[in-house]
Amino acid sequence: MLCWTPSHPAFFLLVGIPGLERVQGWIAIPLCLMYLAAALGNGTVLYIIKTEPSLHQPMYLFLAMLAATDLVLSTSTVPKMLSVFWLGSRAIGFHACLAQMFFVHAFSSVESGVLMAMALDRYVAICFPLRHSAILSSPVIGKLGGLILLRGVVLISPFCFLASRLPYCHHRSIDHSYCEHMAVVKLVCGNARTNTVYGLFVAFIVVGFDVAIIAASYALILGAVLKLPSNEARLKAFGTCASHTCVILSFYIPALFTFLTHRFGHNVPHHVHILVAILYLLVPPTLNPIVYGVKTKTIRDRVLTMFLILGRQREHLCHS
C-alpha cells in the first residue's frame, strides 16, 4: 500500500535548503540577524504609534497594521526555520504544518492588502489633502483593516481544509524550510489538481487586484506631483514615492518568483528557489520599519529620544 492510513502522517520533515544542508548553519546567521532587526524594528514602530497620540492618523495606523503583519509573518516561520538549520529539529507536526501554512499565506495576503491601502492613503493625501481625514476616518480605516484580514482568512482557509483531506505518501520530507502550500501538496499520492487550481485562483485574485489598485494610485499620484509648481516639493514627493515603491517591489517580486517557480520554473535551481522564498518572508519585515518608520520624522525623533533616555539610564546605573 503506497499511502498512509489514516490519510496523513503524524508529522513532516523539513529539509531546510535542499543542496545546501552543509552550509545552511552559516546561512542562518544573517537570517537570524534580519529576524531580530525585523522584530525590534516593527515592535518599536508599534509601540511608538500606540503611545504617541499625534500618530493616530491614517498613514501611521496603516503602518501599524503593516508592522503587526510583518511580525506575524516572520515569527510564524523563522524560529522553526532556525531550529532546522542549527539544531537539526526537522520534524513538524501535521497540524502545526497546516497552521504555519495558514499564517504564511493568510498574512501574505494581508500584507498585500495593507500595501494597497497605504497606496490609496497616499493618493488621497496628495490628491485630496483637505478631505483626507474625512475620507479616511478612524472607523473607515478600522473597517478596511478588518476587510483585508477577513479576505486573507476566507481565501486561505480552504488551503488548509483541502490539504488536510488529501492522501499523503510515505515520503514525508518537505523540500523546503517551512510549510509552503505547494511544497506540501507535492507529497500527495492522489490528484491534487483542486489545490493547484485554487492556489492559482487566489494568487491572481489577490495579487492582480492589489497590484492594479497600487499601480493606478501611483499613476494618479505621479500625475498630481508633476503638476506641483515647486521643484523642491516635486523632488520630496518623488523621493517618498520611490522609497515606497522599493518596499512594494521587495514584497511582490520574490512572491511572484516563488509562485511562478513552483509551477513553471523547472530549470531554476531548487536552492535558489528556497532562498528567495526565505528572503520573501524576511526582507520586507526588515525594510519596512526603516523605509516607513525611520524616514518619518515623528517616529525617527521618538526613536532617538528613546535611545537618549536609555543611554542616560545606563549612565546613571553605572555611576550609582
# chains A, B, ... in the order shown; residues from 1 in each chain; ligands from 1
call {"tool": "closest_atom_pairs", "arguments": {"of": "region 131-195 of chain A", "to": "region 77-88 of chain A", "cutoff": "9 Å", "atoms": "only C-alpha atoms", "output": "Markdown table"}}
result
| residue | atom | partner | partner_atom | distance |
| --- | --- | --- | --- | --- |
| A:Ser177 | CA | A:Met81 | CA | 5.8 |
| A:Tyr178 | CA | A:Thr77 | CA | 6.3 |
| A:Cys179 | CA | A:Thr77 | CA | 8.4 |
call {"tool": "select_by_dssp", "arguments": {"residues": "region 4-178 of chain A", "states": "strand (DSSP E)", "output": "count of residues only"}}
result
9
call {"tool": "residues_around", "arguments": {"residues": "Leu40 (chain A)", "least_positions_apart": "2", "cutoff": "12 Å", "atoms": "only C-alpha atoms", "output": "short mmCIF file (atom, residue, chain, number, x, y, z; two decimals) with N, CA and C atoms, in the first residue's frame"}}
result
data_model
loop_
_atom_site.label_atom_id
_atom_site.label_comp_id
_atom_site.auth_asym_id
_atom_site.auth_seq_id
_atom_site.Cartn_x
_atom_site.Cartn_y
_atom_site.Cartn_z
N LEU A 33 19.91 37.49 12.18
CA LEU A 33 20.12 38.92 12.40
C LEU A 33 19.00 39.74 11.75
N MET A 34 18.59 39.34 10.56
CA MET A 34 17.48 40.03 9.89
C MET A 34 16.19 39.88 10.69
N TYR A 35 15.96 38.68 11.22
CA TYR A 35 14.75 38.45 12.01
C TYR A 35 14.75 39.31 13.28
N LEU A 36 15.90 39.37 13.96
CA LEU A 36 15.99 40.20 15.17
C LEU A 36 15.77 41.67 14.83
N ALA A 37 16.35 42.13 13.70
CA ALA A 37 16.16 43.51 13.28
C ALA A 37 14.69 43.78 12.95
N ALA A 38 14.05 42.81 12.29
CA ALA A 38 12.63 42.97 11.94
C ALA A 38 11.75 43.00 13.19
N ASN A 42 9.88 46.49 13.97
CA ASN A 42 8.41 46.52 13.91
C ASN A 42 7.79 46.66 15.29
N GLY A 43 8.42 46.03 16.29
CA GLY A 43 7.93 46.20 17.66
C GLY A 43 8.04 47.63 18.13
N THR A 44 9.16 48.29 17.78
CA THR A 44 9.36 49.70 18.15
C THR A 44 8.35 50.59 17.46
N VAL A 45 8.11 50.34 16.17
CA VAL A 45 7.13 51.14 15.42
C VAL A 45 5.74 51.00 16.05
N LEU A 46 5.34 49.78 16.38
CA LEU A 46 4.04 49.57 17.03
C LEU A 46 3.95 50.29 18.36
N TYR A 47 5.00 50.21 19.17
CA TYR A 47 5.00 50.86 20.49
C TYR A 47 4.87 52.37 20.36
N ALA A 67 3.28 46.69 10.36
CA ALA A 67 4.26 46.19 11.33
C ALA A 67 3.75 44.93 12.03
N ALA A 68 2.47 44.93 12.40
CA ALA A 68 1.89 43.75 13.05
C ALA A 68 1.89 42.55 12.11
N ASP A 70 3.94 42.04 9.58
CA ASP A 70 5.32 41.58 9.40
C ASP A 70 5.79 40.73 10.58
N LEU A 71 5.38 41.12 11.79
CA LEU A 71 5.75 40.34 12.97
C LEU A 71 5.14 38.93 12.91
N SER A 74 6.97 36.81 9.96
CA SER A 74 8.33 36.35 10.26
C SER A 74 8.35 35.39 11.46
N THR A 75 7.55 35.69 12.48
CA THR A 75 7.58 34.87 13.70
C THR A 75 6.94 33.50 13.49
N PRO A 285 9.82 42.60 6.10
CA PRO A 285 9.73 42.97 7.52
C PRO A 285 10.95 43.72 8.03
N THR A 286 12.13 43.47 7.42
CA THR A 286 13.33 44.19 7.84
C THR A 286 13.37 45.60 7.25
N LEU A 287 12.95 45.73 6.00
CA LEU A 287 13.00 47.04 5.32
C LEU A 287 11.89 47.99 5.76
N ASN A 288 10.69 47.46 6.00
CA ASN A 288 9.53 48.33 6.25
C ASN A 288 9.73 49.30 7.41
N PRO A 289 10.25 48.87 8.57
CA PRO A 289 10.46 49.85 9.65
C PRO A 289 11.46 50.93 9.28
N ILE A 290 12.43 50.59 8.42
CA ILE A 290 13.43 51.58 8.01
C ILE A 290 12.82 52.59 7.05
N VAL A 303 12.26 57.60 18.31
CA VAL A 303 13.27 56.55 18.47
C VAL A 303 14.55 57.13 19.06
#
call {"tool": "residues_around", "arguments": {"residues": "region 131-136 of chain A", "least_positions_apart": "5", "cutoff": "10 Å", "atoms": "only C-alpha atoms", "output": "JSON list (two decimals) with all heavy atoms, in the first residue's frame"}}
result
[["chain", "number", "residue", "atom", "x", "y", "z"],
["A", 57, "GLN", "N", -3.14, 58.74, 13.07],
["A", 57, "GLN", "CA", -3.59, 59.26, 11.79],
["A", 57, "GLN", "C", -3.56, 58.13, 10.77],
["A", 57, "GLN", "O", -2.88, 57.12, 10.99],
["A", 57, "GLN", "CB", -2.69, 60.41, 11.34],
["A", 57, "GLN", "CG", -2.64, 61.58, 12.31],
["A", 57, "GLN", "CD", -1.60, 62.60, 11.89],
["A", 57, "GLN", "OE1", -1.27, 62.73, 10.71],
["A", 57, "GLN", "NE2", -1.08, 63.34, 12.87],
["A", 58, "PRO", "N", -4.26, 58.31, 9.63],
["A", 58, "PRO", "CA", -4.38, 57.20, 8.67],
["A", 58, "PRO", "C", -3.05, 56.54, 8.29],
["A", 58, "PRO", "O", -2.92, 55.32, 8.36],
["A", 58, "PRO", "CB", -5.04, 57.87, 7.45],
["A", 58, "PRO", "CG", -5.86, 58.96, 8.05],
["A", 58, "PRO", "CD", -5.08, 59.47, 9.23],
["A", 59, "MET", "N", -2.05, 57.34, 7.89],
["A", 59, "MET", "CA", -0.80, 56.76, 7.42],
["A", 59, "MET", "C", -0.15, 55.90, 8.50],
["A", 59, "MET", "O", 0.35, 54.80, 8.23],
["A", 59, "MET", "CB", 0.17, 57.87, 7.00],
["A", 59, "MET", "CG", 1.49, 57.33, 6.45],
["A", 59, "MET", "SD", 2.60, 58.61, 5.89],
["A", 59, "MET", "CE", 3.22, 59.24, 7.45],
["A", 120, "LEU", "N", -3.50, 53.76, -1.48],
["A", 120, "LEU", "CA", -4.72, 54.57, -1.54],
["A", 120, "LEU", "C", -4.64, 55.76, -0.60],
["A", 120, "LEU", "O", -5.08, 56.88, -0.94],
["A", 120, "LEU", "CB", -5.93, 53.70, -1.19],
["A", 120, "LEU", "CG", -6.41, 52.71, -2.25],
["A", 120, "LEU", "CD1", -7.49, 51.80, -1.67],
["A", 120, "LEU", "CD2", -6.93, 53.45, -3.48],
["A", 121, "ASP", "N", -4.07, 55.52, 0.58],
["A", 121, "ASP", "CA", -3.91, 56.61, 1.55],
["A", 121, "ASP", "C", -3.03, 57.72, 0.99],
["A", 121, "ASP", "O", -3.34, 58.92, 1.13],
["A", 121, "ASP", "CB", -3.31, 56.06, 2.85],
["A", 121, "ASP", "CG", -2.91, 57.17, 3.81],
["A", 121, "ASP", "OD1", -3.82, 57.88, 4.30],
["A", 121, "ASP", "OD2", -1.71, 57.34, 4.07],
["A", 122, "ARG", "N", -1.91, 57.34, 0.35],
["A", 122, "ARG", "CA", -1.03, 58.36, -0.24],
["A", 122, "ARG", "C", -1.74, 59.10, -1.37],
["A", 122, "ARG", "O", -1.56, 60.31, -1.53],
["A", 122, "ARG", "CB", 0.25, 57.69, -0.78],
["A", 122, "ARG", "CG", 1.18, 57.15, 0.27],
["A", 122, "ARG", "CD", 1.73, 58.23, 1.20],
["A", 122, "ARG", "NE", 0.80, 58.53, 2.27],
["A", 122, "ARG", "CZ", 0.72, 59.68, 2.91],
["A", 122, "ARG", "NH1", 1.49, 60.67, 2.53],
["A", 122, "ARG", "NH2", -0.14, 59.87, 3.88],
["A", 123, "TYR", "N", -2.54, 58.38, -2.14],
["A", 123, "TYR", "CA", -3.29, 59.03, -3.24],
["A", 123, "TYR", "C", -4.26, 60.07, -2.69],
["A", 123, "TYR", "O", -4.30, 61.20, -3.17],
["A", 123, "TYR", "CB", -4.05, 57.97, -4.03],
["A", 123, "TYR", "CG", -5.15, 58.52, -4.89],
["A", 123, "TYR", "CD1", -4.87, 59.33, -6.00],
["A", 123, "TYR", "CD2", -6.49, 58.26, -4.60],
["A", 123, "TYR", "CE1", -5.89, 59.86, -6.78],
["A", 123, "TYR", "CE2", -7.51, 58.76, -5.37],
["A", 123, "TYR", "CZ", -7.21, 59.57, -6.46],
["A", 123, "TYR", "OH", -8.23, 60.09, -7.21],
["A", 124, "VAL", "N", -5.02, 59.70, -1.66],
["A", 124, "VAL", "CA", -5.99, 60.64, -1.07],
["A", 124, "VAL", "C", -5.26, 61.81, -0.43],
["A", 124, "VAL", "O", -5.67, 62.98, -0.56],
["A", 124, "VAL", "CB", -6.88, 59.92, -0.03],
["A", 124, "VAL", "CG1", -7.80, 60.92, 0.68],
["A", 124, "VAL", "CG2", -7.71, 58.84, -0.71],
["A", 125, "ALA", "N", -4.14, 61.54, 0.26],
["A", 125, "ALA", "CA", -3.40, 62.60, 0.95],
["A", 125, "ALA", "C", -2.82, 63.62, -0.02],
["A", 125, "ALA", "O", -2.80, 64.82, 0.27],
["A", 125, "ALA", "CB", -2.28, 61.99, 1.79],
["A", 126, "ILE", "N", -2.37, 63.15, -1.19],
["A", 126, "ILE", "CA", -1.73, 64.06, -2.16],
["A", 126, "ILE", "C", -2.75, 64.72, -3.07],
["A", 126, "ILE", "O", -2.66, 65.91, -3.37],
["A", 126, "ILE", "CB", -0.67, 63.29, -2.98],
["A", 126, "ILE", "CG1", 0.51, 62.92, -2.07],
["A", 126, "ILE", "CG2", -0.18, 64.12, -4.16],
["A", 126, "ILE", "CD1", 1.54, 62.02, -2.71],
["A", 141, "ILE", "N", -10.85, 53.30, 8.45],
["A", 141, "ILE", "CA", -9.58, 52.56, 8.48],
["A", 141, "ILE", "C", -9.76, 51.22, 9.20],
["A", 141, "ILE", "O", -9.26, 50.18, 8.76],
["A", 141, "ILE", "CB", -8.48, 53.40, 9.15],
["A", 141, "ILE", "CG1", -8.15, 54.61, 8.27],
["A", 141, "ILE", "CG2", -7.22, 52.56, 9.40],
["A", 141, "ILE", "CD1", -7.26, 55.62, 8.93],
["A", 142, "GLY", "N", -10.50, 51.24, 10.32],
["A", 142, "GLY", "CA", -10.76, 50.01, 11.05],
["A", 142, "GLY", "C", -11.52, 49.00, 10.21],
["A", 142, "GLY", "O", -11.19, 47.80, 10.20],
["A", 144, "LEU", "N", -11.65, 48.91, 6.90],
["A", 144, "LEU", "CA", -10.79, 48.49, 5.79],
["A", 144, "LEU", "C", -9.79, 47.43, 6.27],
["A", 144, "LEU", "O", -9.58, 46.41, 5.59],
["A", 144, "LEU", "CB", -10.05, 49.70, 5.21],
["A", 144, "LEU", "CG", -9.18, 49.46, 3.97],
["A", 144, "LEU", "CD1", -9.99, 48.85, 2.84],
["A", 144, "LEU", "CD2", -8.55, 50.77, 3.51]]
call {"tool": "closest_atom_pairs", "arguments": {"of": "region 23-86 of chain A", "to": "region 147-156 of chain A", "cutoff": "12 Å", "atoms": "only C-alpha atoms", "output": "CSV"}}
result
residue,atom,partner,partner_atom,distance
A:Phe62,CA,A:Ile148,CA,11.5
A:Met65,CA,A:Leu149,CA,10.1
A:Leu66,CA,A:Ile148,CA,11.5
A:Ala68,CA,A:Leu149,CA,11.8
A:Thr69,CA,A:Leu149,CA,9.8
call {"tool": "write_last_selection", "arguments": {"atoms": "C-alpha atoms", "output": "PDB file, in the first residue's frame"}}
result
ATOM      1  CA  PHE A  62      -1.778  51.585   8.247  1.00  0.00           C
ATOM      2  CA  MET A  65      -1.082  47.211  10.563  1.00  0.00           C
ATOM      3  CA  LEU A  66       1.922  46.559   8.323  1.00  0.00           C
ATOM      4  CA  ALA A  68       1.889  43.752  13.055  1.00  0.00           C
ATOM      5  CA  THR A  69       1.540  41.721   9.844  1.00  0.00           C
TER       6      THR A  69
END
